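> Questions regarding the structure given below will be posed in turn.
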Amino acid sequence: MKISNSELLRYSKQIILKKVGISGQKKISSAKVLVVGIGGLGCPLVLYLSNTGLGNIGLVDNDKVDLSNLNRQIIFNRKDVGKLKVIQAKKFINNINKKIKVKIYKNKLTEKNIRKISNNYDIICDCSDNFGTRYILNDYSLKSKKILISAAISKFDAQIFNFNFKKNIPCYRCFMPEVPDLDNKCDAEGILPTVAGIAGTLQANEVVKSIIDKKNELVGKMIVFNSINLNFRKIKLTKNYTCIKDCKQK
């Protein structure tokens, strides 16, 4: 893929990084990333990915923008309220860069449609707000040997995972075998907007690292952080050999 002179200038500050360079920028421009959930996590994620020069992005969300979203879903404004998130997000991305190929999916992600939606993407980003979707994404990514960048937020806390299923690592079900009794969401638990911003940005960072094939210290681990005490911890995940079939066979 050829990089134009205007792109060389636009992305010059990342291209001069030795770990990126021209070859890394070409990989970013060619990459295909699917974002599931355009909320508090998905908004900062697509903002930063779009500004790196990502070439192809898919957006999955069946929800509409609500006024209560605007404190943390930073790509939307009052004019977007009542409109489908994926449509408004596509407009936002193309305002950043018209060359980005954006495909939108207005349906809720299910076990029946995930293969059709996700098959053409190299990296999947789980920005959902429920365990059902997380398990669907985990199981599909594991079976298909995709890279799954996942995050979860609540109150002042966040968790970020990089599941590169091309490697023999634990999956999300190893970490969370069963759905908790309370499927906590921002609507009930609350969320500090900056927590969503930090977590979504860290997801974007993991996507870029995965695209340029740099050694990734987070694969097989998770980051846990609290925004009040600024305590960041990296925790190694343990493989559960009573996990689902595809995980045990790895």
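In the structure tokens, each chain is lettered A, B, ... as it comes, each chain's residues begin at 1, and ligands are numbered from 1 in order of appearance.
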So that I can see what lies close to region 45-59 of chain A, please list as a ChimeraX atom specification the residues with an atom at most 7 Å from it, counting only C-alpha atoms and leaving out residues fewer than 5 positions away in the same chain.
/A:28-36,86,93,96,100-105,200-201,203-204
> Using N, CA and C atoms, can you write the selected residues to a file as a PDB file, in the first residue's frame?

```
ATOM      1  N   ILE A  28      -0.970  -0.238   9.573  1.00  0.00           N
ATOM      2  CA  ILE A  28      -2.122   0.450  10.164  1.00  0.00           C
ATOM      3  C   ILE A  28      -3.149   0.793   9.089  1.00  0.00           C
ATOM      4  N   SER A  29      -2.671   1.282   7.960  1.00  0.00           N
ATOM      5  CA  SER A  29      -3.565   1.680   6.866  1.00  0.00           C
ATOM      6  C   SER A  29      -4.291   0.483   6.255  1.00  0.00           C
ATOM      7  N   SER A  30      -3.696  -0.696   6.359  1.00  0.00           N
ATOM      8  CA  SER A  30      -4.297  -1.898   5.770  1.00  0.00           C
ATOM      9  C   SER A  30      -5.151  -2.686   6.755  1.00  0.00           C
ATOM     10  N   ALA A  31      -5.038  -2.384   8.039  1.00  0.00           N
ATOM     11  CA  ALA A  31      -5.697  -3.182   9.071  1.00  0.00           C
ATOM     12  C   ALA A  31      -7.215  -3.051   9.028  1.00  0.00           C
ATOM     13  N   LYS A  32      -7.879  -4.117   9.495  1.00  0.00           N
ATOM     14  CA  LYS A  32      -9.342  -4.144   9.567  1.00  0.00           C
ATOM     15  C   LYS A  32      -9.739  -4.440  11.006  1.00  0.00           C
ATOM     16  N   VAL A  33     -10.418  -3.483  11.632  1.00  0.00           N
ATOM     17  CA  VAL A  33     -10.755  -3.583  13.054  1.00  0.00           C
ATOM     18  C   VAL A  33     -12.261  -3.456  13.233  1.00  0.00           C
ATOM     19  N   LEU A  34     -12.834  -4.372  14.014  1.00  0.00           N
ATOM     20  CA  LEU A  34     -14.259  -4.334  14.327  1.00  0.00           C
ATOM     21  C   LEU A  34     -14.452  -3.854  15.756  1.00  0.00           C
ATOM     22  N   VAL A  35     -15.311  -2.856  15.940  1.00  0.00           N
ATOM     23  CA  VAL A  35     -15.603  -2.311  17.268  1.00  0.00           C
ATOM     24  C   VAL A  35     -17.046  -2.660  17.619  1.00  0.00           C
ATOM     25  N   VAL A  36     -17.211  -3.424  18.688  1.00  0.00           N
ATOM     26  CA  VAL A  36     -18.547  -3.840  19.124  1.00  0.00           C
ATOM     27  C   VAL A  36     -18.943  -3.015  20.346  1.00  0.00           C
ATOM     28  N   VAL A  86     -24.265   4.085  15.356  1.00  0.00           N
ATOM     29  CA  VAL A  86     -23.342   3.683  14.289  1.00  0.00           C
ATOM     30  C   VAL A  86     -23.354   4.673  13.125  1.00  0.00           C
ATOM     31  N   ILE A  93     -16.213   9.700  12.072  1.00  0.00           N
ATOM     32  CA  ILE A  93     -14.952   9.126  11.576  1.00  0.00           C
ATOM     33  C   ILE A  93     -14.593   9.702  10.217  1.00  0.00           C
ATOM     34  N   ILE A  96     -13.061  13.015  10.208  1.00  0.00           N
ATOM     35  CA  ILE A  96     -11.637  12.961  10.526  1.00  0.00           C
ATOM     36  C   ILE A  96     -10.843  12.611   9.276  1.00  0.00           C
ATOM     37  N   ILE A 100     -11.030   6.572   5.313  1.00  0.00           N
ATOM     38  CA  ILE A 100     -11.301   5.403   6.149  1.00  0.00           C
ATOM     39  C   ILE A 100     -12.573   4.718   5.666  1.00  0.00           C
ATOM     40  N   LYS A 101     -12.471   3.433   5.405  1.00  0.00           N
ATOM     41  CA  LYS A 101     -13.635   2.658   4.986  1.00  0.00           C
ATOM     42  C   LYS A 101     -14.384   2.199   6.240  1.00  0.00           C
ATOM     43  N   VAL A 102     -15.605   2.708   6.395  1.00  0.00           N
ATOM     44  CA  VAL A 102     -16.406   2.416   7.589  1.00  0.00           C
ATOM     45  C   VAL A 102     -17.638   1.606   7.192  1.00  0.00           C
ATOM     46  N   LYS A 103     -17.795   0.453   7.818  1.00  0.00           N
ATOM     47  CA  LYS A 103     -18.984  -0.366   7.585  1.00  0.00           C
ATOM     48  C   LYS A 103     -19.757  -0.441   8.888  1.00  0.00           C
ATOM     49  N   ILE A 104     -21.060  -0.220   8.818  1.00  0.00           N
ATOM     50  CA  ILE A 104     -21.865  -0.198  10.037  1.00  0.00           C
ATOM     51  C   ILE A 104     -22.824  -1.392  10.082  1.00  0.00           C
ATOM     52  N   TYR A 105     -23.080  -1.852  11.308  1.00  0.00           N
ATOM     53  CA  TYR A 105     -23.979  -2.971  11.559  1.00  0.00           C
ATOM     54  C   TYR A 105     -24.970  -2.517  12.626  1.00  0.00           C
ATOM     55  N   GLY A 200     -10.771   3.199  27.094  1.00  0.00           N
ATOM     56  CA  GLY A 200     -10.920   3.161  25.645  1.00  0.00           C
ATOM     57  C   GLY A 200      -9.628   3.518  24.928  1.00  0.00           C
ATOM     58  N   THR A 201      -8.889   4.456  25.491  1.00  0.00           N
ATOM     59  CA  THR A 201      -7.593   4.834  24.913  1.00  0.00           C
ATOM     60  C   THR A 201      -6.586   3.704  25.041  1.00  0.00           C
ATOM     61  N   GLN A 203      -7.345   0.562  25.115  1.00  0.00           N
ATOM     62  CA  GLN A 203      -7.748  -0.406  24.096  1.00  0.00           C
ATOM     63  C   GLN A 203      -7.171  -0.024  22.731  1.00  0.00           C
ATOM     64  N   ALA A 204      -7.275   1.253  22.369  1.00  0.00           N
ATOM     65  CA  ALA A 204      -6.729   1.718  21.096  1.00  0.00           C
ATOM     66  C   ALA A 204      -5.226   1.464  21.023  1.00  0.00           C
TER      67      ALA A 204
END
```
> Within 8 Å of Lys108 (chain A), counting only C-alpha atoms, which residues qualify if same-chain residues fewer than 5 places away don't, as a PyMOL selection string?
chain A and resi 60-62
> Compare A:Ile198, A:Ile149, A:Ile235, A:Leu137 by their minimum atom-to-atom distance to Lys112 (chain A), counting only C-alpha atoms, and give me the closest one.
A:Leu137
> Can you tell me, as a VMD selection string, which residues in region 5-185 of chain A count as strand (DSSP E) by DSSP?
chain A and resid 32 to 36 56 to 60 101 to 105 123 to 126 147 to 154 157 to 164
> Considering only C-alpha atoms, can you say which of A:Cys247, A:Ile38, A:Leu202, A:Val224 comes closest to Lys145 (chain A)?
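Under the stated criterion, the closest residue is A:Cys247.
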> Please determine, counting only C-alpha atoms, which residue among A:Thr194, A:Ile212, A:Leu84, A:Val207 has the shortest atom-to-atom distance to Ser23 (chain A).
A:Ile212
> Report, in Å to a single decimal, how far apart CA of Thr238 (chain A) and CA of Asn168 (chain A) are.
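Separation between CA of Asn168 (chain A) and CA of Thr238 (chain A): 11.3 Å.
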> Counting only C-alpha atoms, which of A:Ser227, A:Phe131, A:Ala151, A:Asn164 gets nearest to Pro180 (chain A)?
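Among the listed residues, the smallest separation from Pro180 (chain A) belongs to A:Phe131.
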> At a cut-off of 12 Å, using only C-alpha atoms, what residues contact region 2-6 of chain A? Leave out same-chain residues fewer than 2 positions from it and give the result as a list in words.
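Residues near the query, excluding close chain neighbours: Leu8, Leu9, Arg10, Tyr11, Ser12, Ile15, Gly21, Ile22, Ser23, Gly24, Gln25, Lys26, Lys27, Ile28, Ser29, Ser30, Gly53, Gly55, Asn97 and Lys99 of chain A.
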> Determine, counting only C-alpha atoms, which protein, DNA and RNA residues have an atom within 12 Å of an atom of Glu217 (chain A); residues of the same chain fewer than 2 positions away are not included. Present the result as a list in words.
Phe161, Asn162, Phe163, Asn164, Glu206, Lys209, Ser210, Asp213, Lys214, Lys215, Val219, Gly220, Lys221, Met222, Ile223, Lys234, Ile235 and Lys236 of chain A
> Kindly give the distance, in Å, that separates CA of Tyr135 (chain A) and CA of Cys243 (chain A), rounded to a single decimal.
12.3 Å
> What's around Arg115 (chain A) at 12 Å? Count only C-alpha atoms, leave out sequence neighbours fewer than 2 positions away in its own chain, and write the answer as a list in words.
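What passes the distance filter is Leu109, Thr110, Glu111, Lys112, Asn113, Ile117, Ser118, Asn119, Asn120, Tyr121, Ile124, Ile136, Leu137, Asp139, Tyr140, Ser141, Lys143, Ser144 and Lys146 of chain A.
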> Take CA of Asp246 (chain A) and CA of Gly37 (chain A) and report the distance between them in Å, one decimal.
25.0 Å
> What residues in region 78-134 of chain A get the DSSP label alpha helix (DSSP H)? Please answer as a PyMOL selection string.
chain A and resi 85-96+114-118+131-134
> Find the residue from A:Asn107, A:Asp157, A:Asp66, A:Tyr241 that sits nearest to Gly197 (chain A); use only C-alpha atoms when measuring.
A:Asp157
> Between A:Gln88, A:Ala158, A:Asn71, A:Gly42, which has the minimum distance to Cys125 (chain A) (counting only C-alpha atoms)?
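For Cys125 (chain A), the nearest of the candidates is A:Gly42.
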